[in-house]
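One file, upload_31.cif, is given below (mmCIF, C-alpha atoms).
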```
data_entry
loop_
_atom_site.label_atom_id
_atom_site.label_comp_id
_atom_site.auth_asym_id
_atom_site.auth_seq_id
_atom_site.Cartn_x
_atom_site.Cartn_y
_atom_site.Cartn_z
CA MET A 223 109.60 106.18 105.20
CA LYS A 224 107.56 106.78 102.07
CA TYR A 225 106.89 103.65 100.03
CA THR A 226 107.39 104.07 96.28
CA PRO A 227 106.79 100.62 94.80
CA HIS A 228 108.40 99.27 91.66
CA ALA A 229 106.01 98.25 88.90
CA TYR A 230 106.46 94.56 89.70
CA GLN A 231 105.66 95.22 93.38
CA THR A 232 102.43 97.00 92.47
CA PHE A 233 101.55 94.11 90.16
CA ALA A 234 102.17 91.52 92.89
CA THR A 235 100.18 93.51 95.47
CA GLU A 236 97.22 93.81 93.11
CA PHE A 237 97.47 90.09 92.33
CA ILE A 238 97.10 89.24 96.04
CA GLU A 239 94.16 91.62 96.34
CA SER A 240 92.43 90.19 93.26
CA ASN A 241 92.87 86.50 94.11
CA ALA A 242 91.55 84.70 97.17
CA ILE A 243 94.37 82.17 96.66
CA SER A 244 97.82 83.33 95.60
CA ALA A 245 101.30 81.84 95.47
CA ILE A 246 103.96 84.55 95.34
CA LEU A 247 107.18 82.80 94.33
CA ILE A 248 109.70 85.61 94.29
CA ALA A 249 113.41 85.74 95.03
CA CYS A 250 114.96 87.25 98.14
CA GLY A 251 115.43 91.00 97.80
CA LEU A 252 112.33 91.73 95.74
CA GLY A 253 110.30 92.82 98.76
CA LYS A 254 107.74 90.08 99.27
CA THR A 255 107.01 91.28 102.83
CA ILE A 256 106.13 94.86 101.88
CA ILE A 257 104.23 93.62 98.83
CA THR A 258 102.07 91.45 101.07
CA LEU A 259 101.67 94.02 103.85
CA THR A 260 100.45 96.60 101.35
CA ALA A 261 97.89 94.13 100.03
CA VAL A 262 96.79 93.26 103.57
CA GLN A 263 96.41 96.94 104.44
CA ASN A 264 94.24 97.52 101.36
CA LEU A 265 92.11 94.44 102.01
CA LEU A 266 91.56 95.52 105.62
CA PHE A 267 90.96 99.24 105.25
CA ASP A 268 90.11 99.89 101.61
CA SER A 269 88.04 97.02 100.21
CA PHE A 270 87.12 95.62 103.67
CA LEU A 271 87.40 92.05 102.37
CA VAL A 272 89.24 90.72 105.43
CA ARG A 273 88.93 91.32 109.14
CA LYS A 274 91.67 89.37 110.91
CA VAL A 275 94.96 88.14 109.42
CA LEU A 276 97.38 85.46 110.58
CA VAL A 277 100.99 85.47 109.37
CA ILE A 278 102.99 82.24 109.78
CA ALA A 279 106.75 82.67 109.39
CA PRO A 280 110.13 81.31 110.55
CA LEU A 281 110.87 82.41 114.12
CA ARG A 282 113.39 85.18 113.39
CA VAL A 283 111.32 86.50 110.49
CA ALA A 284 108.15 86.47 112.62
CA ARG A 285 109.83 88.15 115.58
CA ASP A 286 111.96 90.72 113.73
CA THR A 287 111.30 91.15 110.00
CA TRP A 288 107.52 91.57 109.84
CA PRO A 289 107.26 94.02 112.79
CA ALA A 290 110.22 96.01 111.43
CA GLU A 291 108.62 96.31 107.99
CA ILE A 292 105.34 97.51 109.51
CA ALA A 293 107.14 100.16 111.55
CA LYS A 294 109.29 101.24 108.61
CA TRP A 295 106.68 102.36 106.07
CA ASP A 296 104.43 105.40 106.50
CA HIS A 297 101.45 103.99 104.64
CA LEU A 298 101.15 101.10 107.12
CA GLU A 299 100.59 103.34 110.14
CA LEU A 300 97.00 102.12 110.63
CA LEU A 301 98.05 98.47 110.73
CA ARG A 302 98.08 97.03 114.25
CA ALA A 303 100.23 93.92 114.63
CA SER A 304 100.71 91.51 117.51
CA VAL A 305 103.70 89.15 117.55
CA ALA A 306 102.85 85.82 119.19
CA VAL A 307 106.22 84.21 119.88
CA GLY A 308 107.96 83.17 123.09
CA SER A 309 106.51 81.24 126.02
CA THR A 310 102.99 79.85 126.06
CA ALA A 311 101.82 82.67 128.31
CA GLU A 312 103.39 85.29 126.03
CA ARG A 313 101.78 83.77 122.94
CA ILE A 314 98.34 83.61 124.54
CA GLU A 315 98.63 87.21 125.73
CA ALA A 316 99.70 88.37 122.24
CA LEU A 317 96.88 86.50 120.53
CA GLY A 318 94.40 88.06 122.93
CA ARG A 319 95.38 91.64 122.09
CA LYS A 320 93.25 93.77 119.80
CA ALA A 321 95.04 93.79 116.44
CA ASP A 322 94.56 93.45 112.69
CA LEU A 323 97.53 91.20 112.06
CA TYR A 324 98.82 88.37 114.26
CA ILE A 325 102.27 86.95 113.59
CA ILE A 326 103.28 83.49 114.80
CA ASN A 327 106.27 81.27 114.11
CA ARG A 328 105.64 78.11 112.11
CA GLU A 329 106.71 75.80 114.96
CA ASN A 330 103.63 76.90 116.89
CA VAL A 331 101.02 76.31 114.20
CA GLN A 332 100.04 72.94 115.67
CA TRP A 333 99.95 74.44 119.17
CA LEU A 334 97.66 77.26 118.03
CA ILE A 335 95.20 74.96 116.26
CA GLU A 336 95.21 71.82 118.37
CA GLU A 337 96.43 72.75 121.85
CA SER A 338 95.83 76.41 122.67
CA THR A 339 91.98 76.25 122.88
CA LEU A 340 91.97 79.75 121.33
CA PRO A 341 89.43 80.37 118.54
CA PHE A 342 90.86 80.13 115.04
CA ASP A 343 88.87 82.99 113.57
CA PHE A 344 91.32 84.30 110.96
CA ASP A 345 89.75 84.94 107.58
CA MET A 346 93.13 85.46 105.88
CA VAL A 347 96.37 83.52 106.35
CA VAL A 348 99.81 84.44 104.99
CA ILE A 349 102.44 81.69 104.97
CA ASP A 350 105.89 83.23 104.75
CA GLU A 351 108.20 80.52 103.45
CA LEU A 352 105.54 78.24 102.00
CA SER A 353 108.19 75.62 101.25
CA SER A 354 108.37 74.83 104.98
CA PHE A 355 104.99 73.12 104.46
CA LYS A 356 106.22 70.83 101.66
CA ASN A 357 106.02 67.71 103.84
CA HIS A 358 102.42 66.51 103.78
CA LYS A 359 103.10 64.24 106.77
CA SER A 360 104.32 67.04 109.06
CA LYS A 361 102.25 68.07 112.07
CA ARG A 362 102.11 71.71 111.00
CA PHE A 363 100.77 70.77 107.55
CA ARG A 364 98.09 68.46 108.94
CA ALA A 365 97.02 70.96 111.59
CA LEU A 366 96.63 73.82 109.11
CA MET A 367 94.76 71.60 106.64
CA LYS A 368 92.14 71.02 109.35
CA ARG A 369 91.40 74.74 109.38
CA ARG A 370 91.86 75.37 105.67
CA PRO A 371 88.10 75.27 104.86
CA GLU A 372 87.54 78.17 107.27
CA ILE A 373 90.17 80.40 105.65
CA ARG A 374 88.68 82.66 102.97
CA ARG A 375 91.94 84.14 101.64
CA ILE A 376 95.40 82.56 101.69
CA VAL A 377 98.82 83.70 100.43
CA GLY A 378 101.93 81.56 100.13
CA LEU A 379 105.33 83.28 99.91
CA THR A 380 108.61 81.62 99.02
CA GLY A 381 111.64 81.97 96.78
CA THR A 382 112.39 78.23 96.70
CA PRO A 383 109.16 76.30 96.09
CA ALA A 384 110.86 73.22 94.64
CA SER A 385 114.34 73.12 96.14
CA ASN A 386 114.30 69.30 96.17
CA GLY A 387 112.35 68.90 92.93
CA LEU A 388 108.82 69.31 91.62
CA ILE A 389 107.53 66.65 93.99
CA ASP A 390 107.70 69.33 96.72
CA LEU A 391 104.98 71.40 95.07
CA TRP A 392 102.09 69.05 95.83
CA ALA A 393 101.76 69.70 99.58
CA GLN A 394 102.29 73.44 99.19
CA PHE A 395 99.53 73.82 96.62
CA LYS A 396 97.26 71.36 98.41
CA LEU A 397 97.42 73.75 101.35
CA LEU A 398 96.61 76.70 99.12
CA ASP A 399 93.80 75.34 96.93
CA LYS A 400 92.75 72.15 98.80
CA GLY A 401 93.93 69.93 95.96
CA VAL A 402 92.07 71.55 93.07
CA ARG A 403 95.05 71.96 90.73
CA LEU A 404 97.56 69.22 91.56
CA GLY A 405 95.09 66.69 92.94
CA ARG A 406 93.82 65.73 96.36
CA PHE A 407 96.26 62.85 96.88
CA ILE A 408 100.05 62.69 96.62
CA GLY A 409 99.90 59.23 95.03
CA ALA A 410 97.81 60.43 92.10
CA TYR A 411 100.15 63.41 91.65
CA ARG A 412 103.18 61.11 91.50
CA ASP A 413 101.48 58.75 89.05
CA ALA A 414 100.46 61.60 86.75
CA TYR A 415 103.75 63.48 86.56
CA PHE A 416 106.63 61.27 87.79
CA ARG A 417 108.30 57.90 87.59
CA ALA A 418 110.35 56.17 90.26
CA ASP A 419 114.03 57.08 90.13
CA LYS A 420 116.24 55.83 92.98
CA ARG A 421 114.82 52.78 94.66
CA SER A 422 115.62 49.60 96.55
CA GLY A 423 113.10 46.87 95.83
CA GLN A 424 109.67 48.29 96.59
CA MET A 425 111.14 51.27 98.47
CA VAL A 426 111.30 54.41 96.29
CA PHE A 427 113.70 57.13 97.46
CA SER A 428 113.18 59.71 94.73
CA TYR A 429 111.05 60.47 91.68
CA LYS A 430 111.95 61.82 88.24
CA PRO A 431 109.52 64.03 86.28
CA LEU A 432 108.03 62.48 83.14
CA PRO A 433 108.74 64.25 79.83
CA GLY A 434 106.69 67.44 79.69
CA ALA A 435 105.67 67.17 83.35
CA GLU A 436 107.33 70.42 84.41
CA ASP A 437 105.43 72.51 81.86
CA ALA A 438 102.19 70.68 82.65
CA ILE A 439 102.53 71.31 86.40
CA TYR A 440 103.35 74.98 85.90
CA GLU A 441 100.36 75.36 83.60
CA LYS A 442 98.07 73.83 86.25
CA ILE A 443 99.11 76.35 88.90
CA SER A 444 99.65 79.38 86.66
CA ASP A 445 96.33 81.09 87.41
CA ILE A 446 97.16 81.56 91.11
CA THR A 447 100.95 81.94 90.86
CA ILE A 448 103.45 84.73 90.30
CA SER A 449 107.09 83.75 89.83
CA MET A 450 109.88 86.34 89.78
CA LYS A 451 113.67 86.12 89.79
CA SER A 452 115.80 88.93 91.14
CA VAL A 453 118.00 88.93 88.02
CA ASP A 454 114.97 89.96 85.98
CA TYR A 455 113.79 92.79 88.25
CA LEU A 456 116.77 94.24 90.15
CA ASP A 457 119.39 96.48 88.58
CA MET A 458 122.65 94.70 89.39
CA PRO A 459 126.20 95.73 88.51
CA GLU A 460 128.06 93.65 85.97
CA CYS A 461 129.29 90.39 87.48
CA ILE A 462 133.06 90.30 87.99
CA ILE A 463 134.59 86.87 88.35
CA ASN A 464 137.94 86.78 90.15
CA GLU A 465 139.59 83.36 90.02
CA VAL A 466 142.16 82.80 92.77
#
```
I need this file expressed as structure tokens, please.
Amino acid sequence: MKYTPHAYQTFATEFIESNAISAILIACGLGKTIITLTAVQNLLFDSFLVRKVLVIAPLRVARDTWPAEIAKWDHLELLRASVAVGSTAERIEALGRKADLYIINRENVQWLIEESTLPFDFDMVVIDELSSFKNHKSKRFRALMKRRPEIRRIVGLTGTPASNGLIDLWAQFKLLDKGVRLGRFIGAYRDAYFRADKRSGQMVFSYKPLPGAEDAIYEKISDITISMKSVDYLDMPECIINEV
């Protein structure tokens, strides 16, 4: 199928190509997969800025969505992808194939980095559903942070970066920029932008943003971030509300 991108898709693709670090925060339905694949194709075969790409995604998305998108569009015919899901033997075999793009599910990030003994020689990493790395104590976050200095280009994709509040953003952007914009430590981030909300004695269960914190945080990350809502970019029919 011939790919005719919308203006916002071309803009997002060029943003990924122009920035070594990019956070693409766009709603479901706006085509974040094809936006990213087009950028990857151009970086591989046009500008030659990357050599080997790793995509980390939820299992079903890794197994079905990314391969289907590659097969769907004519302009991606040069892109060779290998899907590394399934048993250990299947993953090792897939990662050993000659390809441009390797796709793995997020549950196996720690396995790949700490257990597989395979070389981590990817110069570009795409994290589909960046918000699944919002917990800075998780094994997948810690494992990927170990390899972050070796990654020259990184892209984070998600439509829900702060589903539980702005506190979620710290780990996601620490993974992207190694703490340059929101700080190297979660404690300093909390002190700068939040105050304790729900608590029991010394135990704090949630944090509330300080006045002006939201705008300040967004300003800090604005140079590497695109945010798009489907209501602003998709032509939708008029909403009809039917109360029963």
At most 8 Å is the cut-off: for each residue in segment 361-441 of chain A with any atom that close to an atom of segment 321-332 of chain A, write down the nearest atom pair and the distance in Å rounded to one decimal, counting only C-alpha atoms, chain first then increasing number, as JSON lines.
```
{"residue": "A:Lys361", "atom": "CA", "partner": "A:Gln332", "partner_atom": "CA", "distance": 6.4}
{"residue": "A:Arg362", "atom": "CA", "partner": "A:Gln332", "partner_atom": "CA", "distance": 5.3}
{"residue": "A:Ala365", "atom": "CA", "partner": "A:Gln332", "partner_atom": "CA", "distance": 5.4}
{"residue": "A:Leu366", "atom": "CA", "partner": "A:Val331", "partner_atom": "CA", "distance": 7.2}
```
### Query
Mind listing as a PyMOL selection string all residues within 7 Å of (105.6, 86.2, 98.3), counting all atoms listed in the file?
chain A and resi 245-248+254-255+258+378-380
- Skipping near chain neighbours, those fewer than 2 positions away, what residues fall within 12 Å of Asn241 of chain A using all atoms listed in the file, listed as an MDAnalysis selection string? chainID A and resid 234:239 243:246 261 265 271 346 374:378 398:399 445:448
Residues from last step as file, C-alpha atoms, as a CSV table (one decimal), in the coordinates of the input:
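Once everything was written out, this is part_17.csv:
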```
chain,number,residue,atom,x,y,z
A,234,ALA,CA,102.2,91.5,92.9
A,235,THR,CA,100.2,93.5,95.5
A,236,GLU,CA,97.2,93.8,93.1
A,237,PHE,CA,97.5,90.1,92.3
A,238,ILE,CA,97.1,89.2,96.0
A,239,GLU,CA,94.2,91.6,96.3
A,243,ILE,CA,94.4,82.2,96.7
A,244,SER,CA,97.8,83.3,95.6
A,245,ALA,CA,101.3,81.8,95.5
A,246,ILE,CA,104.0,84.6,95.3
A,261,ALA,CA,97.9,94.1,100.0
A,265,LEU,CA,92.1,94.4,102.0
A,271,LEU,CA,87.4,92.0,102.4
A,346,MET,CA,93.1,85.5,105.9
A,374,ARG,CA,88.7,82.7,103.0
A,375,ARG,CA,91.9,84.1,101.6
A,376,ILE,CA,95.4,82.6,101.7
A,377,VAL,CA,98.8,83.7,100.4
A,378,GLY,CA,101.9,81.6,100.1
A,398,LEU,CA,96.6,76.7,99.1
A,399,ASP,CA,93.8,75.3,96.9
A,445,ASP,CA,96.3,81.1,87.4
A,446,ILE,CA,97.2,81.6,91.1
A,447,THR,CA,101.0,81.9,90.9
A,448,ILE,CA,103.4,84.7,90.3
```
- Excluding segment 225-230 of chain A and residues on its chain fewer than 2 positions from it, collect all residues at most 8 Å away from it, counting all atoms listed in the file, and give them as a list of chain:residue names. A:Met223, A:Thr232, A:Phe233, A:Ala234, A:Trp295, A:Asp296, A:His297, A:Tyr455
Keeping only C-alpha atoms, write the selected residues as a PDB file, keeping the file's coordinate frame.
```
ATOM      1  CA  MET A 223     109.600 106.180 105.200  1.00  0.00           C
ATOM      2  CA  THR A 232     102.430  97.000  92.470  1.00  0.00           C
ATOM      3  CA  PHE A 233     101.550  94.110  90.160  1.00  0.00           C
ATOM      4  CA  ALA A 234     102.170  91.520  92.890  1.00  0.00           C
ATOM      5  CA  TRP A 295     106.680 102.360 106.070  1.00  0.00           C
ATOM      6  CA  ASP A 296     104.430 105.400 106.500  1.00  0.00           C
ATOM      7  CA  HIS A 297     101.450 103.990 104.640  1.00  0.00           C
ATOM      8  CA  TYR A 455     113.790  92.790  88.250  1.00  0.00           C
TER       9      TYR A 455
END
```
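With atom CA of Ser422 of chain A on one side and atom CA of Gly409 of chain A on the other, the separation reads 18.5 Å.
If all atoms listed in the file are the atoms counted, then among A:Met450, A:Ile408, A:Val277, A:Val466 the closest residue to Leu252 of chain A is A:Met450.
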A straight line from atom CA of Leu276 of chain A to atom CA of Val347 of chain A spans 4.8 Å
Counting only C-alpha atoms, the residue among A:Ala435, A:Val262, A:Val426, A:Leu352 that lies closest to Ala384 of chain A is A:Leu352
I need the output of the PyMOL selection byres ((chain A and resi 303) around 12) for this file as a ChimeraX atom specification; which residues are they?
/A:259,262-263,274-277,284-285,288-293,298-302,304-306,316-326
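Atom to atom, atom CA of Leu340 of chain A and atom CA of Val307 of chain A stand 15.0 Å apart.
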